[in-house]
Every structure is written in structure tokens, then in C-alpha cells.
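S.K.: My structure is below; once you've seen it, I'll send some questions.
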Protein chains: 2
Amino acid sequence: MANRIITISRQFGSGGRTIGKLLGEQLGIPCYDNELIEKLAEESGCDKKYIAEQGEYASHSNWFVNAFSTGRSAHPSNQDYLWSIQRKIILRLAEQESCVIVGRCADYILREKTDCLRVFIHADMEKRAERIVKLYGESDVSPEKRLRDKDKRRSAYYRFYTDTEWGLAEQYHITLDSGALGIEKCVEILAKLY
Amino acid sequence: MANRIITISRQFGSGGRTIGKLLGEQLGIPCYDNELIEKLAEESGCDKKYIAEQGEYASHSNWFVNAFSTGRSAHPSNQDYLWSIQRKIILRLAEQESCVIVGRCADYILREKTDCLRVFIHADMEKRAERIVKLYGESDVSPEKRLRDKDKRRSAYYRFYTDTEWGLAEQYHITLDSGALGIEKCVEILAKLY
């Protein structure tokens with residue numbers, strides 16, 4: 001039987017990663033999130049912290065340029081290098097086994113694969129702010145500002161590498177508001193759909 | 001117990017109306033779609049066909065203006081007149097009873113109501129083209145062009161009256177690809193969520 005993949009794109013702080021983990025456990029298939037970073041570190045020779053940041057977010061210095069760029073420059077950046085390895089790893093994973101993959105434009109990378117359920121998880125600002133303070137603690141910057149910054153850079157990264165918009169309903173088979181519906185309900189719906 | 005409302009926004013040809021009807025039947029609550037047009041006709045004194053067109057689509061002549069307008073003009077148009085009656089009817093329905101309401105910016109009009117599940121239904125161009133040809137027959141204009149035109153005008157109408165984007169995942173509690181998941185599966189998921 002062909003592998004069946006679930007990709008989960010998510011707003012920062014929406015609990016998309018937790019949903020992926022719980023879903024993987026419930027379905028008895030692996031969920032790749034940090035594991036993907038480890039694989040990337042291994043194959044690229046880059047530092048994990050660097051990958052976590054560069055493999056999904058437009059850099060602080062260039063998100064503005066990325067946001068308005070319509071294509072990639074002739075000179076591949078470190079981010080382009082990471083993107084190409086990331087792409088290869090995700091395609092390989094999808095070949096190897098049924099799994100859940102969180103973030104990293106996997107929805108786009110696997111867009112030609114028929115048996116792939118594309119999911120987007122989001123929640124309102126208040127719920128996400130509550131969640132990131134609980135998970136990552138307070139910081140000098142307000143949680144709202146942290147969320148807006150992360151969203152902006154994630155969306156710019158996505159647009160840059162995929163030429164499509166992040167968070168548009170029509171890109172996904174299903175999108176869920178985890179703040180209103182609750183994490184468990186989201187897992188339940190997705191497990192049923194699988 | 002307070003009324004519980006489901007609003008269904010939908011791309012043209014995605015089967016959102018059918019999903020609303022089936023969902024209403026399954027839950028034993030009314031689904032307002034054409035019924036809304038009849039109520040509007042009654043209260044506005046306008047023709048039903050005119051309402052079906054003007055109560056949800058930016059007019060052909062002014063969709064371009066609407067699309068780039070940031071607010072309403074000082075002179076209310078017929079469309080503004082219809083909008084205000086439509087708004088009143090939808091608010092009244094939500095006060096009166098639990099129900100499903102299809103289209104007509106009901107999601108926006110009822111945005112302050114806590115017990116309202118906001119749904120968006122979409123499908124890819126191919127599936128929708130197939131569906132509208134089956135439902136409404138062929139015409140001189142290609143189904144793809146008909147769909148693009150309807151989407152554009154619905155989205156311009158929505159933007160004009162709500163100042164927000166139509167079809168952005170984060171505006172809805174759940175969005176579903178009816179083409180990939182199938183109409184029945186969509187109804188099942190929504191009935192469970194209610």
C-alpha cells in the first residue's frame with residue numbers, strides 16, 4: 001500500500017506541533033518535527049539552532065526583501081542550500097513510510113503526491129499568546145509582538161520558496177482553529193479523516 | 001439554551017449549499033439559503049433574481065472599484081440598501097433559532113456571537129467546473145471563466161462590506177476541501193463538531 005502522509009502547517013503558538021505528535025501516536029505512525037531538524041543537521045553539517053531558525057523563517061535582515069521578491073536570486077544563500085536538503089529529506093521520508101510532517105513547507109514539497117492530507121492549524125492571537133507564555137515563558141518582548149514577528153517571517157519564507165500564500169484555505173484539505181475547537185478535537189477529526 | 005448557528009461560506013461550485021442543506025437535515029435545524037433571498041425580497045420589495053445577484057456579488061460594473069475601495073461611499077447604493085436589510089434578517093434569524101446560514105457574509109455579520117461555527121468550503125477548479133456544468137449546464141463561457149468571475153466578484157463583495165479577506169483560513173473555525181474529501185465526509189465532520 002502506498003504511504004499516506006499528513007502535513008501540518010501551523011501558526012506559531014497554535015499547538016500544531018502537539019496536534020501532530022498526538023495524531024502520530026494515535027495512528028501509530030511517526031511524526032517529524034524536531035526529528036527533521038536533526039536529520040537536516042546531520043546531512044547539512046549545520047548547527048541545529050541555526051536550522052530551526054533558517055529552515056522555516058525568513059531571516060530578520062532579509063524578510064522584507066523576501067516578502068516582495070518574486071523569485072530567487074542567482075546566488076544561492078545558505079537558506080537556499082538548507083531548502084534543497086530539506087526538500088530532499090521530506091521527499092525521501094514520504095517515499096519511505098506513512099508519517100506526519102510538521103511545518104517546513106512539506107505541504108508544498110509534497111503537493112504532487114496524491115495520498116497526502118494537507119492541514120493548517122491556527123488560533124486567535126489571545127489563545128496563542130497564552131500558549132507561548134506557558135510554553136516558552138515571558139520575555140522582554142510582548143507575546144503579541146513575538147507572534148506577529150514569527151508569523152510574518154514564516155509567511156515570507158513560505159511565499160519565497162513556494163510562490164503561494166501561507167494560510168489561504170484553498171491550499172489545504174482542512175484547516176482548523178485549535179483555539180476554538182481545542183487540541184483534542186482537532187486530533188480526533190484528523191485521525192478520523194486519515 | 002442559546003441558539004447555535006453554523007455559517008457556511010463557500011466558493012462557487014464547491015457544493016457548500018448542498019453541504020448546508022444536508023447538515024441542516026441531519027441536525028434537524030433549518031438551513032437558510034434561497035429562503036434568505038425570499039425573506040429579503042419580501043422585506044426590501046426587490047426582485048428575487050436581482051437580490052440573488054446583488055446580495056452577494058460585487059456588480060460587474062463596479063467590482064473593480066469595490067475591490068480597491070477601503071470604505072463605503074457617502075451615497076448608499078442599492079447594494080448598500082440590500083446589505084442593511086440582509087444584515088438585519090441574519091441577526092434576527094440568529095436570535096430566533098438554531099440554524100445553518102449559507103453565504104451572504106453571515107460569518108462576518110455574526111462574528112460577535114459566541115455560539116457560531118464559521119465554516120468555509122472550497123474545491124479545486126477542476127472539481128468545481130465539473131459540478132457547475134452538471135448543475136447549471138454548459139454555456140458559451142467556459143466553466144473555468146465562470147468560476148473565476150464569480151469568485152472574484154464574491155470576494156470583492158466580501159472585502160467591500162467586511163474589510164477582511166474572503167477565504168483566509170484564520171477567519172473560520174474550519175475549512176474543508178469538498179472536492180478532495182467529498183460532500184458526505186464534510187457533512188459528517190460538521191455534524192460531529194456541532
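We label chains A, B, ... in the order they appear in the C-alpha cells, count residues from 1 in each chain, and number ligands from 1 in the order shown.
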Mind checking which residues fall within 10 Å of Ile121 (chain B), counting only C-alpha atoms, ignoring those fewer than 6 positions away in the same chain, and posting them as a PDB file with N, CA and C atoms, in the first residue's frame?

M.R.:
```
ATOM      1  N   ALA A 169      -7.133  29.227   2.774  1.00  0.00           N
ATOM      2  CA  ALA A 169      -7.908  27.986   2.948  1.00  0.00           C
ATOM      3  C   ALA A 169      -7.761  27.031   1.773  1.00  0.00           C
ATOM      4  N   GLU A 170      -7.766  27.561   0.556  1.00  0.00           N
ATOM      5  CA  GLU A 170      -7.824  26.659  -0.602  1.00  0.00           C
ATOM      6  C   GLU A 170      -6.546  25.854  -0.836  1.00  0.00           C
ATOM      7  N   HIS A 173      -6.502  20.746   2.571  1.00  0.00           N
ATOM      8  CA  HIS A 173      -7.714  19.922   2.581  1.00  0.00           C
ATOM      9  C   HIS A 173      -8.596  20.289   3.758  1.00  0.00           C
ATOM     10  N   ILE A 174      -7.938  20.653   4.847  1.00  0.00           N
ATOM     11  CA  ILE A 174      -8.704  21.038   6.038  1.00  0.00           C
ATOM     12  C   ILE A 174      -7.886  22.041   6.851  1.00  0.00           C
TER      13      ILE A 174
ATOM     14  N   ILE B   8     -21.942  28.980   6.601  1.00  0.00           N
ATOM     15  CA  ILE B   8     -21.134  28.325   5.571  1.00  0.00           C
ATOM     16  C   ILE B   8     -20.818  29.323   4.454  1.00  0.00           C
ATOM     17  N   SER B   9     -19.569  29.723   4.382  1.00  0.00           N
ATOM     18  CA  SER B   9     -19.100  30.492   3.226  1.00  0.00           C
ATOM     19  C   SER B   9     -18.572  29.460   2.247  1.00  0.00           C
ATOM     20  N   ARG B  10     -18.663  29.768   0.951  1.00  0.00           N
ATOM     21  CA  ARG B  10     -18.222  28.731   0.009  1.00  0.00           C
ATOM     22  C   ARG B  10     -17.830  29.307  -1.324  1.00  0.00           C
ATOM     23  N   GLN B  11     -16.866  28.668  -1.945  1.00  0.00           N
ATOM     24  CA  GLN B  11     -16.535  29.006  -3.320  1.00  0.00           C
ATOM     25  C   GLN B  11     -17.676  28.536  -4.209  1.00  0.00           C
ATOM     26  N   PHE B  12     -17.905  29.260  -5.276  1.00  0.00           N
ATOM     27  CA  PHE B  12     -18.944  28.885  -6.228  1.00  0.00           C
ATOM     28  C   PHE B  12     -18.647  27.489  -6.798  1.00  0.00           C
ATOM     29  N   GLY B  13     -19.643  26.612  -6.766  1.00  0.00           N
ATOM     30  CA  GLY B  13     -19.467  25.276  -7.331  1.00  0.00           C
ATOM     31  C   GLY B  13     -18.809  24.266  -6.407  1.00  0.00           C
ATOM     32  N   SER B  14     -18.580  24.668  -5.148  1.00  0.00           N
ATOM     33  CA  SER B  14     -17.889  23.743  -4.233  1.00  0.00           C
ATOM     34  C   SER B  14     -18.858  22.825  -3.507  1.00  0.00           C
ATOM     35  N   GLY B  15     -20.153  23.051  -3.692  1.00  0.00           N
ATOM     36  CA  GLY B  15     -21.137  22.203  -3.018  1.00  0.00           C
ATOM     37  C   GLY B  15     -21.447  22.668  -1.607  1.00  0.00           C
ATOM     38  N   GLY B  16     -21.059  23.885  -1.265  1.00  0.00           N
ATOM     39  CA  GLY B  16     -21.300  24.409   0.082  1.00  0.00           C
ATOM     40  C   GLY B  16     -22.782  24.476   0.425  1.00  0.00           C
ATOM     41  N   ARG B  17     -23.581  24.810  -0.578  1.00  0.00           N
ATOM     42  CA  ARG B  17     -25.018  24.891  -0.355  1.00  0.00           C
ATOM     43  C   ARG B  17     -25.599  23.503  -0.051  1.00  0.00           C
ATOM     44  N   ILE B  19     -23.986  20.968   1.154  1.00  0.00           N
ATOM     45  CA  ILE B  19     -23.498  20.587   2.481  1.00  0.00           C
ATOM     46  C   ILE B  19     -24.372  21.238   3.564  1.00  0.00           C
ATOM     47  N   GLY B 167     -11.877  33.726   2.422  1.00  0.00           N
ATOM     48  CA  GLY B 167     -11.104  32.514   2.134  1.00  0.00           C
ATOM     49  C   GLY B 167      -9.777  32.394   2.873  1.00  0.00           C
ATOM     50  N   ILE B 174     -13.292  26.180  10.778  1.00  0.00           N
ATOM     51  CA  ILE B 174     -12.894  25.008   9.993  1.00  0.00           C
ATOM     52  C   ILE B 174     -13.104  25.320   8.511  1.00  0.00           C
ATOM     53  N   THR B 175     -12.159  24.913   7.681  1.00  0.00           N
ATOM     54  CA  THR B 175     -12.362  24.992   6.234  1.00  0.00           C
ATOM     55  C   THR B 175     -12.130  23.600   5.669  1.00  0.00           C
ATOM     56  N   LEU B 176     -12.893  23.263   4.639  1.00  0.00           N
ATOM     57  CA  LEU B 176     -12.834  21.897   4.095  1.00  0.00           C
ATOM     58  C   LEU B 176     -12.779  21.917   2.575  1.00  0.00           C
ATOM     59  N   ASP B 177     -11.968  21.051   2.020  1.00  0.00           N
ATOM     60  CA  ASP B 177     -11.887  20.866   0.575  1.00  0.00           C
ATOM     61  C   ASP B 177     -12.896  19.784   0.191  1.00  0.00           C
ATOM     62  N   SER B 178     -14.063  20.204  -0.266  1.00  0.00           N
ATOM     63  CA  SER B 178     -15.141  19.251  -0.550  1.00  0.00           C
ATOM     64  C   SER B 178     -14.807  18.387  -1.770  1.00  0.00           C
ATOM     65  N   GLY B 179     -13.937  18.899  -2.647  1.00  0.00           N
ATOM     66  CA  GLY B 179     -13.546  18.120  -3.817  1.00  0.00           C
ATOM     67  C   GLY B 179     -12.715  16.917  -3.423  1.00  0.00           C
ATOM     68  N   ILE B 183     -18.528  15.430  -0.356  1.00  0.00           N
ATOM     69  CA  ILE B 183     -19.618  16.161   0.314  1.00  0.00           C
ATOM     70  C   ILE B 183     -20.045  15.462   1.616  1.00  0.00           C
ATOM     71  N   CYS B 186     -17.687  15.846   4.510  1.00  0.00           N
ATOM     72  CA  CYS B 186     -17.769  17.205   5.061  1.00  0.00           C
ATOM     73  C   CYS B 186     -18.964  17.331   6.004  1.00  0.00           C
TER      74      CYS B 186
END
```

S.K.: Please identify the strand (DSSP E) residues within chain A (assignment by DSSP from backbone atoms) and present them as a PyMOL selection string.

M.R.: chain A and resi 5-10+31-32+99-102+116-122+174-177

S.K.: Give me a file of those residues, with N, CA and C atoms, as a PDB file, in the first residue's frame.

M.R.:
```
ATOM      1  N   ILE A   5       0.542  10.347   3.898  1.00  0.00           N
ATOM      2  CA  ILE A   5       1.240  11.411   4.621  1.00  0.00           C
ATOM      3  C   ILE A   5       0.244  12.460   5.109  1.00  0.00           C
ATOM      4  N   ILE A   6       0.500  13.001   6.274  1.00  0.00           N
ATOM      5  CA  ILE A   6      -0.244  14.179   6.736  1.00  0.00           C
ATOM      6  C   ILE A   6       0.763  15.307   6.921  1.00  0.00           C
ATOM      7  N   THR A   7       0.556  16.441   6.254  1.00  0.00           N
ATOM      8  CA  THR A   7       1.420  17.593   6.516  1.00  0.00           C
ATOM      9  C   THR A   7       0.633  18.586   7.362  1.00  0.00           C
ATOM     10  N   ILE A   8       1.299  19.119   8.376  1.00  0.00           N
ATOM     11  CA  ILE A   8       0.649  20.106   9.240  1.00  0.00           C
ATOM     12  C   ILE A   8       1.399  21.434   9.165  1.00  0.00           C
ATOM     13  N   SER A   9       0.793  22.419   8.545  1.00  0.00           N
ATOM     14  CA  SER A   9       1.320  23.773   8.608  1.00  0.00           C
ATOM     15  C   SER A   9       0.610  24.428   9.784  1.00  0.00           C
ATOM     16  N   ARG A  10       1.275  25.369  10.436  1.00  0.00           N
ATOM     17  CA  ARG A  10       0.613  25.936  11.624  1.00  0.00           C
ATOM     18  C   ARG A  10       1.132  27.315  11.944  1.00  0.00           C
ATOM     19  N   CYS A  31       5.898  11.081  13.691  1.00  0.00           N
ATOM     20  CA  CYS A  31       5.649  12.488  13.402  1.00  0.00           C
ATOM     21  C   CYS A  31       6.995  13.195  13.350  1.00  0.00           C
ATOM     22  N   TYR A  32       7.300  13.824  12.230  1.00  0.00           N
ATOM     23  CA  TYR A  32       8.589  14.503  12.078  1.00  0.00           C
ATOM     24  C   TYR A  32       8.459  15.996  12.310  1.00  0.00           C
ATOM     25  N   CYS A  99       3.599   8.940   7.480  1.00  0.00           N
ATOM     26  CA  CYS A  99       4.054   9.770   8.607  1.00  0.00           C
ATOM     27  C   CYS A  99       3.332  11.120   8.640  1.00  0.00           C
ATOM     28  N   VAL A 100       3.510  11.814   9.760  1.00  0.00           N
ATOM     29  CA  VAL A 100       3.046  13.195   9.893  1.00  0.00           C
ATOM     30  C   VAL A 100       4.284  14.089   9.787  1.00  0.00           C
ATOM     31  N   ILE A 101       4.209  15.153   9.005  1.00  0.00           N
ATOM     32  CA  ILE A 101       5.337  16.090   8.920  1.00  0.00           C
ATOM     33  C   ILE A 101       4.840  17.482   9.292  1.00  0.00           C
ATOM     34  N   VAL A 102       5.485  18.077  10.286  1.00  0.00           N
ATOM     35  CA  VAL A 102       5.046  19.388  10.776  1.00  0.00           C
ATOM     36  C   VAL A 102       5.891  20.491  10.144  1.00  0.00           C
ATOM     37  N   CYS A 116      -1.776  12.546   0.316  1.00  0.00           N
ATOM     38  CA  CYS A 116      -1.214  13.471   1.305  1.00  0.00           C
ATOM     39  C   CYS A 116      -2.317  14.406   1.770  1.00  0.00           C
ATOM     40  N   LEU A 117      -2.604  14.370   3.055  1.00  0.00           N
ATOM     41  CA  LEU A 117      -3.635  15.236   3.630  1.00  0.00           C
ATOM     42  C   LEU A 117      -2.974  16.517   4.115  1.00  0.00           C
ATOM     43  N   ARG A 118      -3.347  17.630   3.507  1.00  0.00           N
ATOM     44  CA  ARG A 118      -2.724  18.907   3.852  1.00  0.00           C
ATOM     45  C   ARG A 118      -3.571  19.648   4.886  1.00  0.00           C
ATOM     46  N   VAL A 119      -2.956  19.936   6.045  1.00  0.00           N
ATOM     47  CA  VAL A 119      -3.677  20.512   7.179  1.00  0.00           C
ATOM     48  C   VAL A 119      -3.051  21.855   7.567  1.00  0.00           C
ATOM     49  N   PHE A 120      -3.878  22.801   7.964  1.00  0.00           N
ATOM     50  CA  PHE A 120      -3.365  24.063   8.509  1.00  0.00           C
ATOM     51  C   PHE A 120      -4.038  24.300   9.860  1.00  0.00           C
ATOM     52  N   ILE A 121      -3.231  24.587  10.880  1.00  0.00           N
ATOM     53  CA  ILE A 121      -3.773  24.836  12.224  1.00  0.00           C
ATOM     54  C   ILE A 121      -3.508  26.300  12.602  1.00  0.00           C
ATOM     55  N   HIS A 122      -4.522  26.948  13.114  1.00  0.00           N
ATOM     56  CA  HIS A 122      -4.366  28.340  13.542  1.00  0.00           C
ATOM     57  C   HIS A 122      -5.185  28.577  14.800  1.00  0.00           C
ATOM     58  N   ILE A 174      -7.938  20.653   4.847  1.00  0.00           N
ATOM     59  CA  ILE A 174      -8.704  21.038   6.038  1.00  0.00           C
ATOM     60  C   ILE A 174      -7.886  22.041   6.851  1.00  0.00           C
ATOM     61  N   THR A 175      -8.543  23.070   7.370  1.00  0.00           N
ATOM     62  CA  THR A 175      -7.881  23.978   8.302  1.00  0.00           C
ATOM     63  C   THR A 175      -8.735  24.025   9.562  1.00  0.00           C
ATOM     64  N   LEU A 176      -8.086  24.130  10.708  1.00  0.00           N
ATOM     65  CA  LEU A 176      -8.801  24.064  11.980  1.00  0.00           C
ATOM     66  C   LEU A 176      -8.341  25.165  12.924  1.00  0.00           C
ATOM     67  N   ASP A 177      -9.291  25.755  13.630  1.00  0.00           N
ATOM     68  CA  ASP A 177      -9.000  26.742  14.662  1.00  0.00           C
ATOM     69  C   ASP A 177      -8.849  25.986  15.985  1.00  0.00           C
TER      70      ASP A 177
END
```

S.K.: Pick out the residues sitting within 10 Å of Glu38 (chain B), and hand them over as a VMD selection string; count only C-alpha atoms, and ignore anything fewer than 5 positions along from it in its own chain.

M.R.: chain B and resid 32 to 33 43 to 44 46 to 48 51 to 52

S.K.: Neighbouring residues of Lys152 (chain B) were defined as those with any atom within 9 Å, considering only C-alpha atoms; residues of the same chain fewer than 3 positions away were excluded. Please report them as a list in words.

M.R.: Tyr57, Ala58, Trp63, Ala67, Leu147, Arg148, Asp149, Ser155, Ala156 and Tyr157 of chain B

S.K.: Which residue is closest to Thr114 (chain A)? Choose from B:Leu190, B:Arg153, B:Ala180, B:Lys145 and count only C-alpha atoms.

M.R.: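 Once distances to Thr114 (chain A) are computed over only C-alpha atoms, the minimum belongs to B:Ala180.
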
S.K.: Considering only C-alpha atoms, state which residue in the set B:Ala123, B:Ile132, B:Ala2, B:Ala191 is at the smallest distance from chain A.

M.R.: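 That would be B:Ala123, the residue with the smallest distance to chain A.
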
S.K.: Among region 5-178 of chain A, which residues carry a DSSP assignment of alpha helix (DSSP H), reported as a PDB file with C-alpha atoms, in the first residue's frame?

M.R.:
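Result written to part-v7.pdb:
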```pdb
ATOM      1  CA  GLY A  16       0.069  22.421  15.546  1.00  0.00           C
ATOM      2  CA  ARG A  17       3.147  20.551  16.676  1.00  0.00           C
ATOM      3  CA  THR A  18       1.328  18.999  19.645  1.00  0.00           C
ATOM      4  CA  ILE A  19      -1.528  18.018  17.355  1.00  0.00           C
ATOM      5  CA  GLY A  20       0.965  16.356  15.007  1.00  0.00           C
ATOM      6  CA  LYS A  21       2.593  14.419  17.845  1.00  0.00           C
ATOM      7  CA  LEU A  22      -0.717  13.220  19.310  1.00  0.00           C
ATOM      8  CA  LEU A  23      -2.015  12.345  15.868  1.00  0.00           C
ATOM      9  CA  GLY A  24       1.113  10.306  15.086  1.00  0.00           C
ATOM     10  CA  GLU A  25       0.787   8.436  18.391  1.00  0.00           C
ATOM     11  CA  GLN A  26      -2.880   7.725  17.806  1.00  0.00           C
ATOM     12  CA  LEU A  27      -2.318   6.499  14.256  1.00  0.00           C
ATOM     13  CA  ASN A  34      12.422  18.210  15.639  1.00  0.00           C
ATOM     14  CA  GLU A  35      13.495  14.884  14.137  1.00  0.00           C
ATOM     15  CA  LEU A  36      13.561  16.663  10.809  1.00  0.00           C
ATOM     16  CA  ILE A  37      15.923  19.264  12.221  1.00  0.00           C
ATOM     17  CA  GLU A  38      18.239  16.501  13.439  1.00  0.00           C
ATOM     18  CA  LYS A  39      18.252  14.857  10.027  1.00  0.00           C
ATOM     19  CA  LEU A  40      18.926  18.212   8.429  1.00  0.00           C
ATOM     20  CA  ALA A  41      21.779  18.907  10.852  1.00  0.00           C
ATOM     21  CA  GLU A  42      23.302  15.546  10.038  1.00  0.00           C
ATOM     22  CA  GLU A  43      23.078  15.946   6.264  1.00  0.00           C
ATOM     23  CA  SER A  44      23.928  19.638   6.002  1.00  0.00           C
ATOM     24  CA  LYS A  48      20.576  22.612  14.910  1.00  0.00           C
ATOM     25  CA  LYS A  49      19.698  26.008  16.312  1.00  0.00           C
ATOM     26  CA  TYR A  50      20.648  27.634  13.029  1.00  0.00           C
ATOM     27  CA  ILE A  51      18.480  25.153  11.114  1.00  0.00           C
ATOM     28  CA  ALA A  52      15.463  25.600  13.393  1.00  0.00           C
ATOM     29  CA  GLU A  53      15.608  29.292  12.592  1.00  0.00           C
ATOM     30  CA  GLN A  54      16.751  29.352   8.949  1.00  0.00           C
ATOM     31  CA  TRP A  63      12.380  39.083   5.349  1.00  0.00           C
ATOM     32  CA  PHE A  64      11.376  42.391   3.854  1.00  0.00           C
ATOM     33  CA  VAL A  65      13.293  41.635   0.675  1.00  0.00           C
ATOM     34  CA  ASN A  66      11.923  38.079   0.621  1.00  0.00           C
ATOM     35  CA  ALA A  67       8.397  39.310   1.155  1.00  0.00           C
ATOM     36  CA  PHE A  68       8.483  41.308  -2.034  1.00  0.00           C
ATOM     37  CA  ASN A  78      22.713  29.362   2.982  1.00  0.00           C
ATOM     38  CA  GLN A  79      18.949  29.289   3.248  1.00  0.00           C
ATOM     39  CA  ASP A  80      18.672  28.013  -0.326  1.00  0.00           C
ATOM     40  CA  TYR A  81      21.218  25.316   0.496  1.00  0.00           C
ATOM     41  CA  LEU A  82      19.184  24.248   3.530  1.00  0.00           C
ATOM     42  CA  TRP A  83      15.979  24.377   1.470  1.00  0.00           C
ATOM     43  CA  SER A  84      17.346  21.942  -1.097  1.00  0.00           C
ATOM     44  CA  ILE A  85      18.448  19.438   1.569  1.00  0.00           C
ATOM     45  CA  GLN A  86      15.181  19.870   3.457  1.00  0.00           C
ATOM     46  CA  ARG A  87      13.259  19.209   0.270  1.00  0.00           C
ATOM     47  CA  LYS A  88      15.216  16.021  -0.417  1.00  0.00           C
ATOM     48  CA  ILE A  89      14.724  14.727   3.124  1.00  0.00           C
ATOM     49  CA  ILE A  90      10.969  15.371   3.036  1.00  0.00           C
ATOM     50  CA  LEU A  91      10.567  13.675  -0.353  1.00  0.00           C
ATOM     51  CA  ARG A  92      12.579  10.718   0.929  1.00  0.00           C
ATOM     52  CA  LEU A  93      10.525  10.419   4.130  1.00  0.00           C
ATOM     53  CA  ALA A  94       7.318  10.395   2.101  1.00  0.00           C
ATOM     54  CA  GLU A  95       8.749   7.599  -0.034  1.00  0.00           C
ATOM     55  CA  GLN A  96       9.845   5.574   2.973  1.00  0.00           C
ATOM     56  CA  ALA A 106       6.083  19.961   3.404  1.00  0.00           C
ATOM     57  CA  ASP A 107       2.582  20.647   2.057  1.00  0.00           C
ATOM     58  CA  TYR A 108       4.126  22.382  -0.944  1.00  0.00           C
ATOM     59  CA  ILE A 109       7.028  19.958  -1.369  1.00  0.00           C
ATOM     60  CA  MET A 125      -3.887  35.950  18.936  1.00  0.00           C
ATOM     61  CA  GLU A 126      -5.123  35.739  22.531  1.00  0.00           C
ATOM     62  CA  LYS A 127      -5.105  31.943  22.679  1.00  0.00           C
ATOM     63  CA  ARG A 128      -1.697  31.740  21.023  1.00  0.00           C
ATOM     64  CA  ALA A 129      -0.214  34.384  23.323  1.00  0.00           C
ATOM     65  CA  GLU A 130      -1.423  32.439  26.340  1.00  0.00           C
ATOM     66  CA  ARG A 131       0.100  29.278  24.924  1.00  0.00           C
ATOM     67  CA  ILE A 132       3.559  30.618  24.114  1.00  0.00           C
ATOM     68  CA  VAL A 133       3.909  32.288  27.512  1.00  0.00           C
ATOM     69  CA  LYS A 134       3.014  28.975  29.157  1.00  0.00           C
ATOM     70  CA  LEU A 135       5.412  27.011  26.926  1.00  0.00           C
ATOM     71  CA  TYR A 136       8.332  29.370  26.470  1.00  0.00           C
ATOM     72  CA  PRO A 143       3.815  37.749  23.245  1.00  0.00           C
ATOM     73  CA  GLU A 144       1.707  39.524  20.599  1.00  0.00           C
ATOM     74  CA  LYS A 145       4.777  41.101  19.075  1.00  0.00           C
ATOM     75  CA  ARG A 146       6.638  37.763  19.147  1.00  0.00           C
ATOM     76  CA  LEU A 147       3.711  36.095  17.389  1.00  0.00           C
ATOM     77  CA  ARG A 148       3.375  38.783  14.770  1.00  0.00           C
ATOM     78  CA  ASP A 149       7.101  38.656  14.051  1.00  0.00           C
ATOM     79  CA  LYS A 150       7.141  34.851  13.745  1.00  0.00           C
ATOM     80  CA  ASP A 151       4.019  34.800  11.544  1.00  0.00           C
ATOM     81  CA  LYS A 152       5.424  37.467   9.281  1.00  0.00           C
ATOM     82  CA  ARG A 153       8.725  35.694   8.806  1.00  0.00           C
ATOM     83  CA  ARG A 154       7.165  32.242   8.401  1.00  0.00           C
ATOM     84  CA  SER A 155       4.780  33.579   5.816  1.00  0.00           C
ATOM     85  CA  ALA A 156       7.578  35.417   3.954  1.00  0.00           C
ATOM     86  CA  TYR A 157       9.690  32.251   3.944  1.00  0.00           C
ATOM     87  CA  TYR A 158       6.757  30.247   2.611  1.00  0.00           C
ATOM     88  CA  ARG A 159       5.971  32.775  -0.088  1.00  0.00           C
ATOM     89  CA  PHE A 160       9.610  32.979  -1.148  1.00  0.00           C
ATOM     90  CA  TYR A 161      10.087  29.244  -1.614  1.00  0.00           C
ATOM     91  CA  THR A 162       6.629  28.265  -2.845  1.00  0.00           C
ATOM     92  CA  SER A 178      -7.342  24.899  17.551  1.00  0.00           C
TER      93      SER A 178
END
```
